[in-house]
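Single-structure report; data block below.
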2 protein chains.
Amino acid sequence: MNMFTPQFPHGGTGGGAPAPVRPHAPRPHGPRPHGPQGPRPGGPRPGGGRRFGSSRPPMRRRNQKVRVEHASPTTRERQRPNAPIPPVAENAVRIIPLGGVEEVGRNMTAIEVGNDIFVLDAGFQFKEDDTPGIDYILPNTSYIEERRDKVRGLLISHGHLDHIGGIPYIIDRIGNPMIYTRRLTGKMIQKRQEEFAQAVPVQIREVEKDEVIKLGNHAIRFFGVTHTIPDSMGIIIETAWGDVVFTGDIKLNHKDGEPSDLEKKEFSIFKDRKVLALLMDSTNVWQPGFSIPESVVYVTLEKIITNAKGRLIIAMFASHLERLIRVMEFAEQNAKKVVIDGRSMRTNIEIARELGLIKYKDDTVIQVEDLQRFPPEKLIILATGAQGDEFASLARIGNKSHKFIRLQPEDTIVLSSSVIPGNERAVQKLKDNLSRQGARIITYHASDVHASGHGNREEAVWIHKQVREKFFIPVHGYHYMLRVHADVAEELGVARANITVPDNGSIIDIVGGEKMVKLSVKAPNELRVVEGHTVSELSDVLMRDRKALGQEGFCVVVATVDRRTGRLHKSPDIISRGFVYLRDNKDLMDQTRLIIRKAVEQSMKNPRAADLDMAREDLAENVSRFLLMKTQKRPIVIPVIVSV
Amino acid sequence: MNMFTPQFPHGGTGGGAPAPVRPHAPRPHGPRPHGPQGPRPGGPRPGGGRRFGSSRPPMRRRNQKVRVEHASPTTRERQRPNAPIPPVAENAVRIIPLGGVEEVGRNMTAIEVGNDIFVLDAGFQFKEDDTPGIDYILPNTSYIEERRDKVRGLLISHGHLDHIGGIPYIIDRIGNPMIYTRRLTGKMIQKRQEEFAQAVPVQIREVEKDEVIKLGNHAIRFFGVTHTIPDSMGIIIETAWGDVVFTGDIKLNHKDGEPSDLEKKEFSIFKDRKVLALLMDSTNVWQPGFSIPESVVYVTLEKIITNAKGRLIIAMFASHLERLIRVMEFAEQNAKKVVIDGRSMRTNIEIARELGLIKYKDDTVIQVEDLQRFPPEKLIILATGAQGDEFASLARIGNKSHKFIRLQPEDTIVLSSSVIPGNERAVQKLKDNLSRQGARIITYHASDVHASGHGNREEAVWIHKQVREKFFIPVHGYHYMLRVHADVAEELGVARANITVPDNGSIIDIVGGEKMVKLSVKAPNELRVVEGHTVSELSDVLMRDRKALGQEGFCVVVATVDRRTGRLHKSPDIISRGFVYLRDNKDLMDQTRLIIRKAVEQSMKNPRAADLDMAREDLAENVSRFLLMKTQKRPIVIPVIVSV
C-alpha cells in the first residue's frame, strides 16, 4: 500500500508506522509579523490620520496607488428580496441616516426632496471588535445607488476621516457626483484621492460658508461651526417647509459657558429662519455641563512649550489641525525647532500651510535626521500615535525601533489626546514603554492638554435654542448617545412625536412639514466593508469563523481508508494551529488518533455502501466531542477522509 | 486512477472533473455560539464576580467540580537554562513581586527573610488582548515552588479575585501552605475552593487585624485598610531591620481630603514603628487629587433609591460588597424588595449575611420569578454585568433573553461601576441595548454612582507620610502607574536609590537594612495561564497563530499527484475558513488551482528525485504569495501533497 500513501505536510512521509505529528515545525507559510520595514502592499494609509481602532494599518508601497475593487453582488445579496420602498411623496422631505447612528464613524445621511437627493458626508469607520480582519466599514449606499440619477451633490461638512474616508470607496458607486465643501476639506479630499487609482477623478466645487448655491431645485446654505479642524461647516437645505439643518461635528468655543462672538454671529442666521428639521452631532451630549474649550488647551500647551527645559514630544491626532497650527505658532514664538514625525501629520500641516491657514518660517521645521544639531530645550517633536497605533511614530519611540529618536530621561511627552474607546490597552502599553525609558508623561487626566471636538450637553442645549427646530433627528453616535440627545431636545420643547432616534437605514419622512413618519421598511443597511482593496458586503460566516479561530484554532484530521476493506491504511494525521501546542500534547494526539480510527472504521464498516459525507460528519462530530471533553476547547474540525 | 482519488470534505467526491469548492457548506463541526443555555463544561465561574476583561466566561455544569490539571513541563521549559539565583544573604530581606506589577491583576509578592518565605496574595488576571483564547493568567510561582520548604504561609489581604483568584491553581504547586487572612476573605476563599475538585483541602487560619502571629522566625501584624470589600487589611512583617509593610488595595474614606478617624487610628500604629520597606497599591496614583469617597456614592444611591418612582435596576461588581451591603440597607429603609440577579452577587451577599456583616429580613429578598407580585416602585433588582459581560444578568435584560425581566420605559438603570479598560465597546453595546427599550440609564459620568476602590495621588501622599518608609516598591499596576507612584515617593523624601520600580520576577534585596539591590537575574516570569482546566506556560506560537487566524483565516490546499508521472490527478482542493468567502470568489479559487498545479508539477518534474518537503514548502510559498497579491490577506496556508 506504501505507494499510495498520501504525504501530509506535517504528518508522516510514508510507511506504515504512525506518523509523527509536527504541526508547528517547519512553520508553514502564513502571516509574518508586519514589521515597520516590511511594506504591506496595497491598502490606503489614510491621509487624515487614524482616528479609530485597529492596530494593523494596511500599508502601501510608496507611490503605489490603491486600486479599489467592488465585489460583484453575492448570492446572498442577489437573493435577498428587496423590500419595496415607497417613493418619497411630493409633499415630503425624506431623511435617511445611512451611517454613523449606531456607531461613532462612517457618517452619511441622504436627504431626498422631490427629484433631488443630497448626500451629506461620506465617512468610514475603523474595524470593530465584531469585524476582525476588516480594514474599514462603509455606509451602505445601496439606496443612493439605486437612485443615482437624483443625486445633486455630495456635501462634506469637514475633513475628518469619519466624514470623508468613504469617498474613494463609494464615489463611483453613487454616480461620481460633484463634491461641495470648503477649501481645506476639498484639498484634503483631493490629496487623499491621489493615493487611489481612480477611473474618474473626483470633481470638487469649493464653497464658502456665506455662499448660497442652487442644486437641483433647492438652495443650499452653509454656516461655520467650531470643531477641531478649520473650515468645519454646517449645511442648510432650503425646502418648501423650512430648512433642513445639519451641524456636522460641533462644539462651542465657550468661556465659562458663554459661546464666542463668532459662534453667536454664525448662529444668529437662524433668528430669521424657519427650521423644519435639525440633524445634529450627538457624540458627547451624554456628558454633563460644558466641554473643556480648546482655548484652555492652547493656554496649557503654550505654558508647557514655553517652560520646557528639555526636549518636548507632543503626540496628537494628525486630524486635530487647529491644535497643530497653534503648536507651530507657540514653537516659533519660543524660537524652537519642530520635527513633524508622522506622514499624515506632515501632509496635513503642509496642506494647511499651502492654504495659508498656518504660517511658519522654512527653518522652523527641521528634518528628524538633524535632531542632534539642536539643544534639547529648543526642540519639539510632533508625533503621531497617541492612540497606541503599533506603527506610528510614538510607538516606535516607545519600543526603541525609531530610526532617529531615542528617549532621554529629561524628555517630556505630552499625550494631547484622549483615548478612543477600544484603544485603552494599546495606550497603556505605549505609556508603559515610554515611561520605562524614564521620560515624563503628561496626559489629559492631570492637565488640560486635550479637549474633545464634540460638545457636551449644555453646548447642545445652546445650539438647540438657537436653531429652534420643529423636528429633530440626533445623528453621530451610538444609540445611547442619540437617545440622551433626544431626551435633551424633548426637554427643550421639541414634541416627542417630532423626534426620531434613527438606525442606519431608517427612512424618515416629514410630510407636509407637519408630520414625522418613520417607515416600517429600511434602506439596505447590511455592513459594507473594505478588506484589502475590495469593497464587499460583510460576511457573517467569515466573521464567526475568524472569531472562533482566534480563540480556539483549527484541527484538520486526515484518515486514509482502504476502499475495499474499510480499514485505515495507517495512523491518521492531525494538523492543527491555534488549538493546543501539539508538541506538548502527545498523549492527547495519540488518543485522538484512536478516536479517528474508531469513527472512520465504524462508518466504513460496509465500504461499498458507505456514505462518505456522513462518514466525514461523524468523524468531525466524534473528534470535536472528544477534544472538547479533554481540553474544553472547540477548535474548528475539518475532517478529511482519503479513500484509496 | 479514479480508485485512488482522495475524498476531501468540501472538495470533490471523486472523478476527474474539477472539484466544486464548498468550503462553508455543510458547516463542519466547530465552535457554536455558546448560548446561555448551553453549559460549557468545566472552568470555574469565579465566585467573586468577573472583574476584568473577557466576554466568554468558561461555564460549569451545576455541581460539577472543576479539576485542575498541571501540564508537565514543556520541552521549552525543560531546556531553558535556569539562571542561577544566588540565595538570599543572611543580612538581607528579599522582595519578589511575582505578579501584578506589569498589569492590573494577578497580584502576588514573595518576601524571603532568612529561612522563611511569606507569600502575599495569589490573584489571577483575565485574559488580555495579547492572550486570545486564554481563560486566566497566573503569577509564575516557580521561584516559590523551588523553595517550597521555606514557605511559612500565604497571607491574603482581601477577597477580590485579583488577590485570591489564583489560589485553586497554585496552592498545591507551592506546597499547600496555611492561608492566613481575615474572616470574610477566608470564607470567600473557602467557598470558591468548593467549586474545585482538590486533592488536598485548603487550610485557612483566620486572623484578626489586631493580632500578632508568629510564622517561622518572624512576627506578622495586620492593619485595617479602606477598600470596597469588608475585612481588607494591610500586612506587616517584622524583620531585624524594620517592618516590611504591604498595604493591599487601598483608598481613603476621606471627607474633603481629611481621612476618617478610623483610618487615622489604623495608621497611627506606624508612629512608633520603624518601616524598612513599603509595598503599596499604585493603581490610581496617576490620577490627581483625591478619589470620590465611597460615602458620597452612598448618599447618591440612597437618594436614587428613596426617590425612585419606578423599578430600579442597579448593576455593579459582585465583589463590591461594601456597596451591596449599603444598597440592601437603603432598600429596607424604604420598604423595597430586592431581587439579587446574578450567582456571584448572591453568593457574596449570602456569605456577608452569614458572617453578620449585613442584616436584612428574610422577605426583603424575593425571587426573580415573583417580580410581578410587587409594584414597580417597590422593587430593586441588583444585577451583575455592568461591564457588558455577555452572559450576565444585565446583558440578558439588554438583549431580551432574560427569562423573567423585561424592561419597561419607566425603569431606571444605575450602572454603579466604572468601565474597566478593554470593556468599553461591550459596555457601549449594553447601554445601546438597554436604552433601545426606553429605560433611563444613570452612569458615573453624570452622577456620583461609582467610586474607585483605589486612592488617587493625594491619598497616596497621606499614606506615605504615615508610614515613613525607608525603601519603597510600588506594586499593583502597569509600569506607568508604578513609575508615577515612584515619583510621588521620591517627592516625599524617599531617596531615589531606595526606590525600585519592579517587573514581574524582579528580585530586590535590601541588604543590612541599608542598601537596595535589584539583582540582574530575575525569578522565572514566563506567563502561566489557565486554559480549560489546564495550567501551563503560555505558548507564544499558539498566541501568534490565534491572532493570525483571527484576522486572516487559513487555507488548506490539497494536491493529489501521480508518483510516477509527477502530474496532478485532478483539480486541487482548497479548504478555507476565515479567509475570504469562497463562494463569492470562484475566480480566485480557479486561479489558485492553477497556481497549485503549476507549483506542484514544477517540484515533481522528476518524481523519483523529488523532495516532498521542499515541494510542500514551494507550494505554500507560491499560494501565499498569490493570495497576498490578490487579496492583501495572509491566511495561514497548509500545503498537503498526496502522492498516489
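By convention in this document, the chains of the C-alpha cells carry letters A, B, ... by their order, each chain's residues are numbered from 1, and ligands are numbered from 1 in the order they are shown.
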### alpha helix (DSSP H) residues, from DSSP on the backbone, in stretch 491-558 of chain B, as a ChimeraX atom specification
/B:491,540-552
### Task
Using DSSP on the backbone coordinates, identify all residues within stretch 358-572 of chain A classified as strand (DSSP E or B); present the result as JSON, numbers by chain.
{"A": [365, 366, 379, 380, 381, 382, 383, 412, 413, 414, 415, 440, 441, 442, 471, 472, 473, 474, 475, 477, 499, 508, 509, 510, 511, 515, 516, 517, 518, 528, 529, 530, 531, 534, 535, 536, 537, 554, 555, 556, 557, 558, 559, 560, 561, 568]}
### Summary
What separates atom CA of A:Asn115 and atom CA of A:His476 is a distance of 26.4 Å
#### Entry: Straight-line distance linking atom CA of B:Val212 with atom CA of B:Ser142, stated in Å to one decimal
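These atoms are spaced 29.2 Å apart.
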### Task
Excluding stretch 136-141 of chain A and any residue of its chain fewer than 3 positions from it, enumerate the residues within 9 Å of it, using only C-alpha atoms, and give them as a PyMOL selection string.
chain A and resi 98-100+105-108+122-128+131+144-146+165-166+169-170+173-174+504-505+523-531+535+537-538
Got time to write the residues from that selection, C-alpha atoms, as a PDB file, in the first residue's frame?
```pdb
ATOM      1  CA  LEU A  98     -27.047  55.686   6.185  1.00  0.00           C
ATOM      2  CA  GLY A  99     -24.213  55.517   8.686  1.00  0.00           C
ATOM      3  CA  GLY A 100     -22.992  56.959  11.954  1.00  0.00           C
ATOM      4  CA  GLY A 105     -17.814  56.868  12.473  1.00  0.00           C
ATOM      5  CA  ARG A 106     -18.913  56.237   8.848  1.00  0.00           C
ATOM      6  CA  ASN A 107     -21.186  59.240   8.905  1.00  0.00           C
ATOM      7  CA  MET A 108     -23.528  59.694   5.987  1.00  0.00           C
ATOM      8  CA  ALA A 122     -19.182  60.067   3.371  1.00  0.00           C
ATOM      9  CA  GLY A 123     -17.096  58.765   6.244  1.00  0.00           C
ATOM     10  CA  PHE A 124     -15.728  55.406   7.104  1.00  0.00           C
ATOM     11  CA  GLN A 125     -15.161  53.634  10.377  1.00  0.00           C
ATOM     12  CA  PHE A 126     -12.227  51.552  11.507  1.00  0.00           C
ATOM     13  CA  LYS A 127     -12.959  47.945  12.281  1.00  0.00           C
ATOM     14  CA  GLU A 128     -14.759  46.975  15.458  1.00  0.00           C
ATOM     15  CA  THR A 131     -15.313  42.669  12.492  1.00  0.00           C
ATOM     16  CA  ILE A 144     -28.458  56.104  -3.233  1.00  0.00           C
ATOM     17  CA  GLU A 145     -27.000  53.805  -5.879  1.00  0.00           C
ATOM     18  CA  GLU A 146     -30.443  52.779  -6.977  1.00  0.00           C
ATOM     19  CA  GLY A 165     -12.889  58.475   4.498  1.00  0.00           C
ATOM     20  CA  GLY A 166     -15.522  56.640   2.481  1.00  0.00           C
ATOM     21  CA  TYR A 169     -14.755  53.660  -1.991  1.00  0.00           C
ATOM     22  CA  ILE A 170     -18.221  54.949  -2.732  1.00  0.00           C
ATOM     23  CA  ARG A 173     -20.969  53.722  -6.771  1.00  0.00           C
ATOM     24  CA  ILE A 174     -23.184  56.759  -6.278  1.00  0.00           C
ATOM     25  CA  ASN A 504     -28.661  53.131   9.952  1.00  0.00           C
ATOM     26  CA  GLY A 505     -31.074  52.918   7.054  1.00  0.00           C
ATOM     27  CA  ALA A 523     -32.979  51.297   3.303  1.00  0.00           C
ATOM     28  CA  PRO A 524     -30.485  48.429   2.794  1.00  0.00           C
ATOM     29  CA  ASN A 525     -28.191  48.588   5.780  1.00  0.00           C
ATOM     30  CA  GLU A 526     -26.072  45.458   5.723  1.00  0.00           C
ATOM     31  CA  LEU A 527     -22.481  46.230   6.624  1.00  0.00           C
ATOM     32  CA  ARG A 528     -20.307  47.193   3.665  1.00  0.00           C
ATOM     33  CA  VAL A 529     -16.652  46.682   4.379  1.00  0.00           C
ATOM     34  CA  VAL A 530     -13.242  47.268   2.866  1.00  0.00           C
ATOM     35  CA  GLU A 531     -10.831  44.403   3.207  1.00  0.00           C
ATOM     36  CA  VAL A 535     -15.422  46.565  -1.119  1.00  0.00           C
ATOM     37  CA  GLU A 537     -20.826  43.117   1.999  1.00  0.00           C
ATOM     38  CA  LEU A 538     -19.681  41.772   5.336  1.00  0.00           C
TER      39      LEU A 538
END
```
#### Entry: Residues within 10 Å of A:Ser282, only C-alpha atoms, excluding chain neighbours under 4 positions, as a list in words
Val101, Val104, Gly248, Asp249, Ile250, Trp286, His454, Gly455, Asn456, Arg457, Ala460, Ile473, Pro474, Val475, His476, Gly477, Tyr478, His479, Tyr480, Met481, Leu482, Arg483, Val484, His485 and Ala486 of chain A
### Within 6 Å of stretch 301-318 of chain B using only C-alpha atoms, minus same-chain residues under 3 positions, as a list in words
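Within the cut-off, the hits are Gly49, Tyr298, Phe330, Ser344, Met345, Pro376, Glu377, Leu379, Ile380, Ile381, Leu382, Ala383, Thr384, Ala386, Glu410, Asp411, Thr412, Ile413, Val414, Leu415, Ser416 and Ser417 of chain B.
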### Message
I'd like to know which of A:Ala439, A:Val461, A:Ala599, A:Leu184 is closest to chain B, using only C-alpha atoms.
### Response
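Using only C-alpha atoms, chain B sits closest to A:Ala439.
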#### Entry: Selection near A:Ile349, 9 Å with only C-alpha atoms, sequence-local residues under 5 positions removed, as a list in words
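Neighbouring residues, sequence-local ones excluded: Ala318, Leu321, Leu324, Ile325, Ile340, Ser344, Glu354 and Ile358 of chain A.
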### Query
Can you tell me how far atom CA of A:Asp129 sits from atom CA of B:Ala426, in Å to one decimal?
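These two atoms are separated by 9.2 Å.
For the residues A:Gln466, A:Gln602, A:Ser418, A:Ser447, ranking by smallest atom-to-atom distance to B:Gly289 using only C-alpha atoms places A:Ser447 first.
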### Query
Which one of A:Lys586, A:Asp362, A:Gly578, A:Asp562 sits closest to A:Arg608 if you count only C-alpha atoms?
A:Asp562
